[in-house]
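Engineer: Provided herewith: my_file.pdb, PDB, C-alpha atoms.
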ATOM      1  CA  MET Z   1      22.332 -35.326 -25.768
ATOM      2  CA  THR Z   2      21.906 -31.605 -25.098
ATOM      3  CA  THR Z   3      18.301 -30.677 -24.563
ATOM      4  CA  THR Z   4      16.621 -27.305 -24.437
ATOM      5  CA  VAL Z   5      14.044 -26.512 -21.773
ATOM      6  CA  GLU Z   6      11.416 -23.956 -22.670
ATOM      7  CA  TYR Z   7       9.607 -22.215 -19.822
ATOM      8  CA  ILE Z   8       6.444 -20.259 -20.479
ATOM      9  CA  ARG Z   9       4.986 -18.280 -17.562
ATOM     10  CA  TYR Z  10       1.318 -17.346 -17.680
ATOM     11  CA  ARG Z  11      -0.991 -15.285 -15.495
ATOM     12  CA  ILE Z  12      -4.518 -16.695 -15.823
ATOM     13  CA  ALA Z  13      -7.575 -15.294 -14.038
ATOM     14  CA  LEU Z  14      -9.154 -17.721 -11.591
ATOM     15  CA  ASP Z  15     -12.417 -17.893 -13.542
ATOM     16  CA  ASP Z  16     -10.571 -18.847 -16.749
ATOM     17  CA  GLN Z  17      -8.288 -21.532 -15.339
ATOM     18  CA  GLN Z  18     -10.398 -24.563 -16.199
ATOM     19  CA  ALA Z  19     -10.695 -23.434 -19.819
ATOM     20  CA  PHE Z  20      -6.928 -22.764 -19.870
ATOM     21  CA  GLU Z  21      -6.116 -26.234 -18.547
ATOM     22  CA  ASP Z  22      -8.585 -27.796 -20.991
ATOM     23  CA  ALA Z  23      -6.901 -25.907 -23.848
ATOM     24  CA  TYR Z  24      -3.514 -27.213 -22.793
ATOM     25  CA  ALA Z  25      -4.868 -30.749 -22.508
ATOM     26  CA  ARG Z  26      -5.828 -30.441 -26.195
ATOM     27  CA  ALA Z  27      -2.501 -28.790 -27.094
ATOM     28  CA  ALA Z  28      -0.638 -31.575 -25.281
ATOM     29  CA  GLU Z  29      -1.795 -34.022 -27.942
ATOM     30  CA  SER Z  30       0.334 -32.102 -30.450
ATOM     31  CA  LEU Z  31       3.312 -32.056 -28.092
ATOM     32  CA  ALA Z  32       3.017 -35.801 -27.483
ATOM     33  CA  ALA Z  33       2.953 -36.445 -31.238
ATOM     34  CA  SER Z  34       5.960 -34.225 -31.953
ATOM     35  CA  PRO Z  35       9.333 -35.967 -32.457
ATOM     36  CA  GLU Z  36      11.017 -32.741 -31.312
ATOM     37  CA  CYS Z  37       9.345 -32.823 -27.876
ATOM     38  CA  ILE Z  38      10.866 -34.941 -25.109
ATOM     39  CA  ASP Z  39       8.313 -34.156 -22.385
ATOM     40  CA  TYR Z  40       6.159 -31.382 -20.959
ATOM     41  CA  GLU Z  41       4.489 -30.317 -17.733
ATOM     42  CA  LEU Z  42       1.989 -27.592 -16.843
ATOM     43  CA  ALA Z  43       2.134 -26.493 -13.198
ATOM     44  CA  ARG Z  44       0.023 -23.994 -11.234
ATOM     45  CA  CYS Z  45       1.540 -21.931  -8.440
ATOM     46  CA  GLU Z  46       0.265 -22.805  -4.974
ATOM     47  CA  GLU Z  47       0.976 -19.390  -3.435
ATOM     48  CA  GLU Z  48      -0.258 -17.236  -6.335
ATOM     49  CA  LYS Z  49      -2.997 -19.324  -7.909
ATOM     50  CA  GLU Z  50      -3.253 -17.225 -11.087
ATOM     51  CA  ARG Z  51       0.319 -18.135 -12.109
ATOM     52  CA  TYR Z  52       1.184 -21.122 -14.290
ATOM     53  CA  ILE Z  53       4.445 -22.403 -15.742
ATOM     54  CA  LEU Z  54       4.620 -24.669 -18.757
ATOM     55  CA  ARG Z  55       7.888 -26.611 -19.041
ATOM     56  CA  ILE Z  56       8.682 -28.298 -22.351
ATOM     57  CA  ARG Z  57      11.891 -30.226 -23.018
ATOM     58  CA  TRP Z  58      12.887 -30.112 -26.676
ATOM     59  CA  THR Z  59      15.612 -32.123 -28.363
ATOM     60  CA  SER Z  60      17.199 -28.739 -29.238
ATOM     61  CA  ILE Z  61      16.209 -25.122 -29.735
ATOM     62  CA  GLU Z  62      16.602 -25.655 -33.487
ATOM     63  CA  ALA Z  63      14.254 -28.643 -33.349
ATOM     64  CA  HIS Z  64      11.670 -26.543 -31.535
ATOM     65  CA  LEU Z  65      11.846 -23.429 -33.684
ATOM     66  CA  GLY Z  66      12.674 -25.018 -37.039
ATOM     67  CA  GLY Z  67      10.960 -28.373 -36.592
ATOM     68  CA  PHE Z  68       7.917 -28.174 -34.339
ATOM     69  CA  ARG Z  69       6.931 -24.588 -35.130
ATOM     70  CA  LYS Z  70       7.153 -25.292 -38.862
ATOM     71  CA  GLY Z  71       5.781 -28.816 -38.658
ATOM     72  CA  GLU Z  72       2.399 -30.450 -38.956
ATOM     73  CA  GLN Z  73       1.702 -30.521 -35.197
ATOM     74  CA  PHE Z  74       2.038 -26.773 -34.598
ATOM     75  CA  PRO Z  75      -1.227 -25.515 -36.157
ATOM     76  CA  ALA Z  76      -3.409 -27.614 -33.825
ATOM     77  CA  PHE Z  77      -1.191 -26.756 -30.844
ATOM     78  CA  PHE Z  78      -1.405 -23.029 -31.520
ATOM     79  CA  ALA Z  79      -5.137 -23.112 -32.247
ATOM     80  CA  ALA Z  80      -5.738 -24.632 -28.809
ATOM     81  CA  ILE Z  81      -3.666 -22.101 -26.857
ATOM     82  CA  ARG Z  82      -4.174 -18.988 -29.028
ATOM     83  CA  PRO Z  83      -6.637 -17.326 -26.585
ATOM     84  CA  TYR Z  84      -3.918 -17.351 -23.908
ATOM     85  CA  VAL Z  85      -0.964 -15.924 -25.835
ATOM     86  CA  THR Z  86      -1.616 -12.458 -24.406
ATOM     87  CA  ALA Z  87      -1.371 -13.922 -20.870
ATOM     88  CA  ILE Z  88       2.275 -14.952 -21.408
ATOM     89  CA  GLU Z  89       4.668 -13.169 -19.046
ATOM     90  CA  GLU Z  90       7.836 -14.991 -20.125
ATOM     91  CA  MET Z  91       8.747 -17.450 -22.870
ATOM     92  CA  GLN Z  92      12.429 -18.443 -22.920
ATOM     93  CA  HIS Z  93      14.699 -21.385 -23.730
ATOM     94  CA  TYR Z  94      17.207 -22.651 -21.167
ATOM     95  CA  LEU Z  95      20.059 -25.176 -21.213
ATOM     96  CA  VAL Z  96      20.247 -27.535 -18.258
ATOM     97  CA  THR Z  97      23.440 -27.279 -16.231
ATOM     98  CA  GLY Z  98      25.313 -30.115 -14.569
ATOM     99  CA  VAL Z  99      23.573 -29.393 -11.265
ATOM    100  CA  VAL Z 100      20.867 -32.078 -11.240
ATOM    101  CA  GLY Z 101      19.819 -34.801  -8.862
ATOM    102  CA  THR Z 102      17.048 -36.321  -6.807
ATOM    103  CA  GLY Z 103      16.138 -35.864  -3.180
ATOM    104  CA  LYS Z 104      15.122 -38.425  -0.597
ATOM    105  CA  GLY Z 105      11.470 -37.643  -1.213
ATOM    106  CA  ALA Z 106      11.653 -38.884  -4.820
ATOM    107  CA  GLY Z 107      10.330 -42.315  -3.917
ATOM    108  CA  GLN Z 108       7.506 -41.018  -1.723
ATOM    109  CA  ARG Z 109       4.943 -40.050  -4.332
TER     110      ARG Z 109
END
Let me see the structure of the file written as structure tokens.
Structural biologist:
Amino acid sequence: MTTTVEYIRYRIALDDQQAFEDAYARAAESLAASPECIDYELARCEEEKERYILRIRWTSIEAHLGGFRKGEQFPAFFAAIRPYVTAIEEMQHYLVTGVVGTGKGAGQR
């Protein structure tokens, strides 16, 4: 199966980060309920604490744009994250290459 990975980069002021993470916790309910979504992860940069990256794996770009964005889960998702749309620095879809693997640290969590 070919999957599409969407990366969304945000810059969020330090005093707004808890509200941002709370909004994405609410939005994640829509992602979890979407048959087009494989998984998702929101990460905050350790070196530049105002930077976040949201990674969402979709079954395909068509499923994301034509399914999720036009489906019943999108309105609640967008309502939750709407205040942060202007903080988006990048929003792109990527295809995973054959260069994948795990390191020795994978079992050390």
Engineer: Interatomic distance between CA of Arg57 (chain Z) and CA of Tyr94 (chain Z)?
Structural biologist: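 So the answer is 9.4 Å.
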Engineer: Hey, what's within 10 Å of Glu21 (chain Z) if we count only C-alpha atoms and toss same-chain stuff fewer than 6 positions away? As a PyMOL selection string, please?
Structural biologist: chain Z and resi 27+42-44+52+81
Engineer: Go ahead and save the residues from that selection, with C-alpha atoms, as a PDB file, in the frame of the given file.
Structural biologist:
ATOM      1  CA  ALA Z  27      -2.501 -28.790 -27.094  1.00  0.00           C
ATOM      2  CA  LEU Z  42       1.989 -27.592 -16.843  1.00  0.00           C
ATOM      3  CA  ALA Z  43       2.134 -26.493 -13.198  1.00  0.00           C
ATOM      4  CA  ARG Z  44       0.023 -23.994 -11.234  1.00  0.00           C
ATOM      5  CA  TYR Z  52       1.184 -21.122 -14.290  1.00  0.00           C
ATOM      6  CA  ILE Z  81      -3.666 -22.101 -26.857  1.00  0.00           C
TER       7      ILE Z  81
END
Engineer: Enter the distance from CA of His64 (chain Z) to CA of Ala79 (chain Z), in Å, rounded to one decimal.
Structural biologist: 17.2 Å
Engineer: Using all atoms listed in the file, determine which residues lie at most 12 Å from Arg26 (chain Z), disregarding the query and same-chain residues fewer than 2 positions distant; provide the list as a PyMOL selection string.
Structural biologist: chain Z and resi 19-24+28-33+73+76-82
Engineer: Could you please determine the separation between CA of Lys70 (chain Z) and CA of Glu36 (chain Z) in Å, to one decimal place?
Structural biologist: 11.3 Å
Engineer: For the structure provided, state which residues fall under the PyMOL selection byres ((chain Z and resi 54) around 9), and present them as a ChimeraX atom specification.
Structural biologist: /Z:6-10,40-44,52-53,55-56
Engineer: Could you check which of Z:Glu62, Z:Asp39, Z:Glu89, Z:Glu50 is closest to Asp15 (chain Z), using only C-alpha atoms?
Structural biologist: Z:Glu50
Engineer: Go through Z:Val96, Z:Cys45, Z:Ala106, Z:Leu65 one by one, measure the shortest atom-to-atom distance of each to Arg11 (chain Z) using all atoms listed in the file, and give the residue with the smallest value.
Structural biologist: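 So, comparing all the options, the nearest one is Z:Cys45.
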Engineer: Please determine an axis-aligned box that encloses all atoms of region 51-62 of chain Z listed in the file, with 4 Å added on each side, and express its centre and edge lengths in Å to one decimal as AutoDock Vina command-line options.
Structural biologist:
--center_x 8.8 --center_y -25.1 --center_z -22.8 --size_x 24.9 --size_y 22.0 --size_z 29.4
Engineer: Select, from Z:Ala63, Z:Ala25, Z:Val85, Z:Leu95, the residue with the minimum atom-to-atom distance to Thr3 (chain Z), counting only C-alpha atoms.
Structural biologist: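 Result for the nearest residue to Thr3 (chain Z): Z:Leu95.
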